[in-house]
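Source file: run_4.csv; contents: CSV, C-alpha atoms.
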```
chain,number,residue,atom,x,y,z
A,1,MET,CA,8.7,36.2,8.0
A,2,ARG,CA,5.6,34.6,9.6
A,3,PRO,CA,6.0,31.6,12.0
A,4,VAL,CA,5.2,28.2,10.5
A,5,ARG,CA,2.6,26.2,12.3
A,6,LEU,CA,3.4,22.5,13.0
A,7,LEU,CA,1.3,19.8,14.7
A,8,VAL,CA,3.1,17.0,16.6
A,9,ALA,CA,1.0,13.8,17.2
A,10,GLU,CA,2.0,11.9,20.3
A,11,GLY,CA,2.2,8.2,19.5
A,12,ASN,CA,1.7,6.9,23.0
A,13,PRO,CA,-1.5,6.6,25.1
A,14,PRO,CA,-1.4,8.4,28.5
A,15,LYS,CA,0.2,5.7,30.7
A,16,MET,CA,3.0,5.1,28.2
A,17,ARG,CA,3.9,8.7,27.8
A,18,GLU,CA,3.7,9.3,31.6
A,19,ARG,CA,6.2,6.5,32.1
A,20,HIS,CA,8.5,8.0,29.5
A,21,ALA,CA,8.3,11.5,31.1
A,22,ALA,CA,9.0,10.0,34.5
A,23,VAL,CA,12.5,8.9,33.3
A,24,SER,CA,13.3,11.4,30.5
A,25,GLY,CA,11.6,14.5,31.9
A,26,ARG,CA,9.4,15.1,28.9
A,27,THR,CA,6.9,13.2,26.9
A,28,PRO,CA,8.0,12.1,23.4
A,29,SER,CA,5.7,14.8,21.8
A,30,GLN,CA,7.1,17.5,24.0
A,31,PHE,CA,10.7,16.5,23.2
A,32,TYR,CA,9.8,16.2,19.4
A,33,ALA,CA,8.2,19.7,19.4
A,34,ASP,CA,11.3,21.2,21.2
A,35,VAL,CA,13.6,19.7,18.6
A,36,LEU,CA,11.5,20.9,15.6
A,37,ALA,CA,11.4,24.4,17.1
A,38,MET,CA,15.2,24.4,17.4
A,39,LEU,CA,15.7,23.1,13.9
A,40,ALA,CA,13.2,25.7,12.5
A,41,GLU,CA,15.2,28.4,14.3
A,42,ASP,CA,18.4,27.1,12.7
A,43,LEU,CA,16.6,27.6,9.3
A,44,GLY,CA,15.8,31.2,10.2
A,45,VAL,CA,12.1,30.8,11.0
A,46,THR,CA,10.0,30.6,14.1
A,47,ALA,CA,7.8,27.5,14.6
A,48,GLU,CA,4.5,27.6,16.5
A,49,ILE,CA,3.9,24.0,17.5
A,50,ASP,CA,0.8,22.3,18.9
A,51,ILE,CA,0.6,18.8,20.3
A,52,CYS,CA,-2.3,16.4,19.8
A,53,PHE,CA,-3.1,12.9,21.2
A,54,PRO,CA,-4.8,10.7,18.7
A,55,ALA,CA,-4.3,7.6,20.9
A,56,ASP,CA,-6.5,9.1,23.6
A,57,GLU,CA,-10.2,8.4,23.7
A,58,GLY,CA,-12.2,11.5,22.7
A,59,ALA,CA,-9.1,13.5,21.8
A,60,ASN,CA,-9.6,16.5,19.4
A,61,LEU,CA,-7.2,18.5,17.3
A,62,PRO,CA,-6.1,21.7,19.1
A,63,GLY,CA,-7.5,24.0,16.4
A,64,GLY,CA,-10.5,21.7,15.5
A,65,ASP,CA,-9.0,20.7,12.1
A,66,LEU,CA,-5.7,20.5,10.1
A,67,ALA,CA,-6.3,23.4,7.9
A,68,GLY,CA,-4.2,25.9,9.9
A,69,TYR,CA,-1.0,23.8,9.9
A,70,ASP,CA,2.0,23.8,7.6
A,71,GLY,CA,3.1,20.3,8.5
A,72,VAL,CA,2.4,17.3,10.8
A,73,ALA,CA,4.8,14.9,12.5
A,74,ILE,CA,4.2,11.7,14.4
A,75,THR,CA,6.5,10.5,17.2
A,76,GLY,CA,7.6,7.1,18.2
A,77,SER,CA,5.5,4.8,20.4
A,78,GLY,CA,5.5,1.7,22.6
A,79,LEU,CA,2.4,0.3,20.8
A,80,ASN,CA,2.4,-2.4,18.1
A,81,LEU,CA,0.2,-2.0,15.1
A,82,TRP,CA,0.0,-5.8,14.5
A,83,LYS,CA,-2.0,-6.0,17.8
A,84,ALA,CA,-4.7,-3.8,16.2
A,85,GLU,CA,-5.4,-2.0,19.6
A,86,PRO,CA,-7.9,0.8,19.5
A,87,GLU,CA,-5.1,3.3,20.4
A,88,SER,CA,-3.2,2.2,17.3
A,89,LEU,CA,-6.2,2.1,14.9
A,90,ALA,CA,-7.2,5.6,15.9
A,91,GLN,CA,-3.7,6.8,14.9
A,92,VAL,CA,-4.1,5.1,11.5
A,93,GLU,CA,-7.3,7.1,11.0
A,94,PHE,CA,-5.5,10.2,12.0
A,95,ALA,CA,-2.8,9.5,9.5
A,96,ARG,CA,-5.4,9.1,6.7
A,97,ALA,CA,-6.8,12.5,7.6
A,98,VAL,CA,-3.3,14.0,7.3
A,99,TYR,CA,-2.8,12.4,3.9
A,100,ALA,CA,-6.2,13.7,2.8
A,101,SER,CA,-5.2,17.2,3.9
A,102,GLY,CA,-2.2,17.2,1.6
A,103,LEU,CA,0.0,18.7,4.4
A,104,PRO,CA,3.7,17.8,4.6
A,105,PHE,CA,3.8,14.7,6.7
A,106,PHE,CA,6.8,13.1,8.7
A,107,GLY,CA,7.2,10.3,11.1
A,108,SER,CA,10.0,8.6,13.1
A,109,CYS,CA,9.8,4.9,13.8
A,110,TRP,CA,6.2,4.4,14.9
A,111,GLY,CA,5.3,7.3,12.7
A,112,LEU,CA,6.6,5.6,9.6
A,113,GLN,CA,4.7,2.4,10.5
A,114,VAL,CA,1.4,4.2,11.0
A,115,ALA,CA,1.8,6.1,7.8
A,116,ALA,CA,2.5,2.9,5.9
A,117,VAL,CA,-0.5,1.1,7.3
A,118,ALA,CA,-2.7,4.2,6.7
A,119,ALA,CA,-1.7,4.0,3.0
A,120,GLY,CA,-2.4,0.2,2.6
A,121,GLY,CA,0.8,-1.3,3.9
A,122,GLU,CA,1.4,-3.8,6.7
A,123,VAL,CA,3.5,-3.9,9.9
A,124,LYS,CA,4.8,-7.0,11.6
A,125,LEU,CA,7.1,-8.1,14.3
A,126,ASN,CA,10.6,-8.1,12.8
A,127,PRO,CA,11.7,-11.8,12.6
A,128,GLN,CA,15.3,-10.7,13.0
A,129,GLY,CA,14.6,-9.2,16.4
A,130,ARG,CA,14.9,-5.9,18.0
A,131,GLU,CA,17.1,-3.1,16.7
A,132,ILE,CA,18.0,-1.0,19.7
A,133,GLY,CA,20.6,1.7,20.6
A,134,ILE,CA,22.3,2.5,17.3
A,135,ALA,CA,21.1,1.3,14.0
A,136,ARG,CA,24.2,0.3,12.0
A,137,SER,CA,25.2,0.7,8.4
A,138,ILE,CA,22.0,2.3,7.1
A,139,ARG,CA,22.4,2.5,3.3
A,140,ILE,CA,20.8,4.9,0.9
A,141,THR,CA,19.1,2.9,-1.8
A,142,ASP,CA,19.4,3.6,-5.5
A,143,ALA,CA,16.0,5.3,-5.3
A,144,GLY,CA,17.1,7.3,-2.3
A,145,ARG,CA,20.2,8.8,-4.0
A,146,GLY,CA,19.3,12.3,-4.8
A,147,HIS,CA,16.1,12.3,-2.8
A,148,PRO,CA,15.8,15.5,-0.8
A,149,LEU,CA,15.0,13.5,2.4
A,150,HIS,CA,18.6,12.5,2.6
A,151,ALA,CA,20.3,15.6,1.2
A,152,ASP,CA,23.8,15.9,2.7
A,153,ARG,CA,23.8,12.3,4.1
A,154,THR,CA,26.7,10.0,3.3
A,155,GLU,CA,25.7,6.9,1.5
A,156,VAL,CA,26.1,4.8,4.6
A,157,PHE,CA,25.4,6.0,8.1
A,158,ASP,CA,24.4,5.1,11.7
A,159,ALA,CA,21.5,6.5,13.7
A,160,PRO,CA,19.8,6.1,17.1
A,161,ALA,CA,17.0,3.5,16.9
A,162,ILE,CA,14.7,1.4,18.9
A,163,HIS,CA,12.0,-0.9,17.4
A,164,SER,CA,10.9,-4.5,17.3
A,165,ASP,CA,8.4,-4.0,14.4
A,166,GLU,CA,9.0,-3.2,10.8
A,167,VAL,CA,7.1,-2.3,7.7
A,168,ALA,CA,6.7,-5.8,6.2
A,169,VAL,CA,4.5,-4.9,3.3
A,170,LEU,CA,4.9,-1.6,1.5
A,171,PRO,CA,1.8,0.3,0.5
A,172,PRO,CA,1.2,1.3,-3.1
A,173,ASN,CA,3.2,4.4,-4.3
A,174,ALA,CA,5.9,3.8,-1.6
A,175,THR,CA,9.6,4.3,-2.3
A,176,VAL,CA,12.2,2.9,0.0
A,177,THR,CA,15.1,5.4,0.3
A,178,ALA,CA,17.2,3.7,3.0
A,179,THR,CA,17.7,0.2,4.3
A,180,ASN,CA,20.1,-2.0,6.4
A,181,GLU,CA,20.7,-5.6,7.3
A,182,LEU,CA,18.2,-5.7,10.2
A,183,CYS,CA,15.4,-3.7,8.6
A,184,ALA,CA,14.5,-3.5,4.9
A,185,VAL,CA,12.6,-0.2,5.3
A,186,GLN,CA,14.8,2.3,7.2
A,187,ALA,CA,13.4,5.3,5.3
A,188,ALA,CA,10.7,5.8,2.8
A,189,GLU,CA,8.5,8.3,0.9
A,190,ILE,CA,4.8,7.3,0.7
A,191,ARG,CA,2.3,9.0,-1.6
A,192,HIS,CA,-1.3,8.5,-0.8
A,193,GLY,CA,-4.1,10.6,-2.2
A,194,PRO,CA,-3.0,14.3,-2.2
A,195,GLY,CA,-0.5,13.6,0.6
A,196,VAL,CA,3.2,13.0,0.7
A,197,PHE,CA,4.9,11.4,3.7
A,198,TRP,CA,8.6,11.2,4.5
A,199,GLY,CA,9.6,9.0,7.3
A,200,VAL,CA,12.4,7.0,8.9
A,201,GLN,CA,12.5,3.9,11.1
A,202,PHE,CA,15.3,5.4,13.2
A,203,HIS,CA,15.1,8.4,15.5
A,204,PRO,CA,16.9,11.5,14.1
A,205,GLU,CA,15.3,13.6,16.9
A,206,TYR,CA,17.0,11.7,19.8
A,207,THR,CA,19.8,13.0,22.0
A,208,PHE,CA,22.0,10.4,23.7
A,209,ALA,CA,20.4,11.3,27.1
A,210,GLU,CA,16.9,10.7,25.6
A,211,LEU,CA,18.1,7.4,24.2
A,212,GLY,CA,19.7,6.5,27.6
A,213,GLY,CA,16.4,7.2,29.4
A,214,ILE,CA,14.5,4.9,27.1
A,215,LEU,CA,17.1,2.1,27.4
A,216,THR,CA,16.8,2.5,31.2
A,217,ARG,CA,13.1,1.6,30.9
A,218,TYR,CA,13.9,-1.2,28.4
A,219,THR,CA,16.6,-2.8,30.5
A,220,PRO,CA,14.5,-5.7,31.7
A,221,VAL,CA,13.5,-6.5,28.1
A,222,MET,CA,17.1,-6.1,26.9
A,223,LEU,CA,18.3,-8.5,29.7
A,224,LYS,CA,15.7,-11.0,28.7
A,225,GLU,CA,16.6,-10.8,25.0
A,226,GLY,CA,20.4,-11.1,25.6
A,227,PHE,CA,21.5,-7.5,24.8
A,228,PHE,CA,23.0,-7.3,28.3
A,229,ARG,CA,24.0,-10.1,30.7
A,230,GLU,CA,23.8,-8.2,33.9
A,231,PRO,CA,21.9,-5.0,35.1
A,232,GLU,CA,25.2,-3.4,35.9
A,233,GLU,CA,26.3,-3.8,32.3
A,234,ALA,CA,23.1,-2.0,31.1
A,235,ALA,CA,23.7,0.8,33.7
A,236,ARG,CA,27.2,1.3,32.4
A,237,TYR,CA,26.0,1.5,28.8
A,238,VAL,CA,23.3,4.1,29.8
A,239,SER,CA,25.9,6.0,31.8
A,240,ASP,CA,28.2,6.2,28.7
A,241,LEU,CA,25.3,7.5,26.6
A,242,VAL,CA,24.7,10.3,29.1
A,243,ALA,CA,28.4,11.1,29.3
A,244,LEU,CA,28.4,11.5,25.5
A,245,ASP,CA,25.4,13.8,25.7
A,246,GLU,CA,27.3,16.0,28.1
A,247,GLY,CA,30.6,15.7,26.4
A,248,PRO,CA,30.5,14.6,22.7
A,249,GLU,CA,34.2,15.1,22.5
A,250,ARG,CA,34.7,12.0,24.8
A,251,LYS,CA,36.6,9.9,22.3
A,252,ASP,CA,37.0,7.1,24.9
A,253,VAL,CA,33.3,6.7,25.4
A,254,ALA,CA,32.5,7.0,21.7
A,255,TRP,CA,35.1,4.4,20.9
A,256,ARG,CA,33.8,2.1,23.6
A,257,LEU,CA,30.3,2.3,22.2
A,258,GLY,CA,31.3,2.3,18.6
A,259,ILE,CA,29.6,5.6,17.8
A,260,ALA,CA,30.8,7.4,14.7
A,261,PRO,CA,31.6,11.2,14.7
A,262,SER,CA,28.7,11.8,12.4
A,263,VAL,CA,26.3,10.3,14.9
A,264,LEU,CA,27.8,12.6,17.6
A,265,ASP,CA,27.0,15.7,15.6
A,266,PRO,CA,23.4,16.7,16.3
A,267,LYS,CA,23.1,18.6,13.0
A,268,ILE,CA,24.1,15.5,11.0
A,269,ARG,CA,22.0,13.2,13.2
A,270,ARG,CA,18.9,15.2,12.5
A,271,THR,CA,19.5,15.5,8.8
A,272,GLU,CA,16.2,14.0,7.7
A,273,LEU,CA,14.1,16.3,10.0
A,274,THR,CA,15.9,19.4,8.8
A,275,ASN,CA,15.5,18.4,5.2
A,276,TRP,CA,11.7,17.8,5.7
A,277,LEU,CA,11.4,21.2,7.3
A,278,ARG,CA,13.4,22.9,4.5
A,279,SER,CA,12.1,21.1,1.5
A,280,GLN,CA,8.5,20.4,2.5
A,281,VAL,CA,7.2,22.5,5.3
A,282,LEU,CA,8.9,25.9,4.4
A,283,ARG,CA,8.1,25.5,0.8
A,284,THR,CA,4.4,24.7,1.6
A,285,ALA,CA,4.2,27.6,4.1
A,286,SER,CA,5.7,30.0,1.5
A,287,ALA,CA,3.2,28.9,-1.1
A,288,ARG,CA,0.4,29.6,1.3
A,289,GLY,CA,1.8,33.0,2.2
A,290,ARG,CA,2.7,31.9,5.8
A,291,ALA,CA,6.5,32.2,5.5
```
Just dump the structure as structure tokens.
Amino acid sequence: MRPVRLLVAEGNPPKMRERHAAVSGRTPSQFYADVLAMLAEDLGVTAEIDICFPADEGANLPGGDLAGYDGVAITGSGLNLWKAEPESLAQVEFARAVYASGLPFFGSCWGLQVAAVAAGGEVKLNPQGREIGIARSIRITDAGRGHPLHADRTEVFDAPAIHSDEVAVLPPNATVTATNELCAVQAAEIRHGPGVFWGVQFHPEYTFAELGGILTRYTPVMLKEGFFREPEEAARYVSDLVALDEGPERKDVAWRLGIAPSVLDPKIRRTELTNWLRSQVLRTASARGRA
């Protein structure tokens, strides 16, 4: 079986991804690529993964175009689409090119927002505030029941998340497949031109250590917004997340943070990514004689 070729688009401009790597050890795109490679291996295939940087001025695709890939994924980002910054708008144009290619397309958090705007939707600051840490009680919608994006998911589940923006106006030909009280669009399928996008507002790719690294960077914001009252409280929360990463059997820590067993299991946590690889990428690669 031939390797599948994937392209991961980094959602952050240079300074943001460098700050991320300084705490977490890897840029979001490196981390995303590593997770996709591991999930592909679990499905019995090898993945060759390139990384591109559409937020960077003058950035080019590694192979010159999208034709050689079997799927494209966009990471999270610290940018805000409603600010209409050049780094954001460049990624919207990139997403339109992915749609036009007809390749399987996936995005987490920022990736969902970019794909929605590229197809004619709108992203705004969530009036209910930031969703950070663990997104609670995400519910599969009627339209999402039976959708292959959520195959093997329970009807209600929790997931790692961090975002202050939301898809406020859906583009045409969009189907919301999951929702919760804080964010109406927790997952969606978007059809635009010849392309089909599957995306989630949460982060199925995260480990607890990765989440802890991000919350370390966000601690000043979280103190300001009232998530923590003291820096020491934030440090304890992050320490608990790292402890869970090292020992998911730590019932005491999981209970203290209110984290369900299904969230502790990385295979369940990454359900949507695995389903995209299986149902979209491998099927497309097989049809093209690449797998």
Practice task
Around the point (7.1, 28.3, 13.8) in the file's coordinates, collect all residues with an atom within 6 Å, using all atoms listed in the file, and return them as a list in words.
Solution key: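 Here is the list of nearby residues: Pro3, Val4, Arg5, Thr46, Ala47 and Glu48 of chain A.
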Handout entry: Nearby residues (only C-alpha atoms) at most 12 Å from Gly226 (chain A), same-chain spacing under 5 positions excluded, as a PyMOL selection string
Key = chain A and resi 129-130+132+219-221+231+233-234
Output file for the residues above (C-alpha atoms, as a PDB file, in the coordinates of the input):
```pdb
ATOM      1  CA  GLY A 129      14.600  -9.200  16.400  1.00  0.00           C
ATOM      2  CA  ARG A 130      14.900  -5.900  18.000  1.00  0.00           C
ATOM      3  CA  ILE A 132      18.000  -1.000  19.700  1.00  0.00           C
ATOM      4  CA  THR A 219      16.600  -2.800  30.500  1.00  0.00           C
ATOM      5  CA  PRO A 220      14.500  -5.700  31.700  1.00  0.00           C
ATOM      6  CA  VAL A 221      13.500  -6.500  28.100  1.00  0.00           C
ATOM      7  CA  PRO A 231      21.900  -5.000  35.100  1.00  0.00           C
ATOM      8  CA  GLU A 233      26.300  -3.800  32.300  1.00  0.00           C
ATOM      9  CA  ALA A 234      23.100  -2.000  31.100  1.00  0.00           C
TER      10      ALA A 234
END
```
Completion exercise
Judged by only C-alpha atoms, the minimum distance to Pro127 (chain A) among A:Phe227, A:Glu18, A:Glu166, A:Leu81 is found for A:Glu166
Considering only C-alpha atoms, tabulate each residue of region 64-146 of chain A that lies at most 8 Å from region 284-288 of chain A along with its nearest interatomic pair and the corresponding distance in Å to one decimal; arrange the rows by chain and ascending residue number and present them as JSON lines.
```
{"residue": "A:Asp70", "atom": "CA", "partner": "A:Ala285", "partner_atom": "CA", "distance": 5.6}
{"residue": "A:Leu103", "atom": "CA", "partner": "A:Thr284", "partner_atom": "CA", "distance": 7.9}
{"residue": "A:Pro104", "atom": "CA", "partner": "A:Thr284", "partner_atom": "CA", "distance": 7.6}
```
Go ahead and write the residues just picked, C-alpha atoms, as an mmCIF file, keeping the file's coordinate frame.
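Full text of selection.cif as output:
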```cif
data_model
loop_
_atom_site.group_PDB
_atom_site.id
_atom_site.type_symbol
_atom_site.label_atom_id
_atom_site.label_comp_id
_atom_site.auth_asym_id
_atom_site.auth_seq_id
_atom_site.Cartn_x
_atom_site.Cartn_y
_atom_site.Cartn_z
ATOM 1 C CA ASP A 70 2.000 23.800 7.600
ATOM 2 C CA LEU A 103 0.000 18.700 4.400
ATOM 3 C CA PRO A 104 3.700 17.800 4.600
#
```
Exercise for the section: For CA of Ser101 (chain A) and CA of Asp65 (chain A), determine how far apart the two atoms are, in Å to one decimal place. Expected result: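 For CA of Ser101 (chain A) relative to CA of Asp65 (chain A), the distance reads 9.7 Å.
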Problem - Length of the CA of Asp240 (chain A) to CA of Gly107 (chain A) vector [Å] - result: 27.7 Å
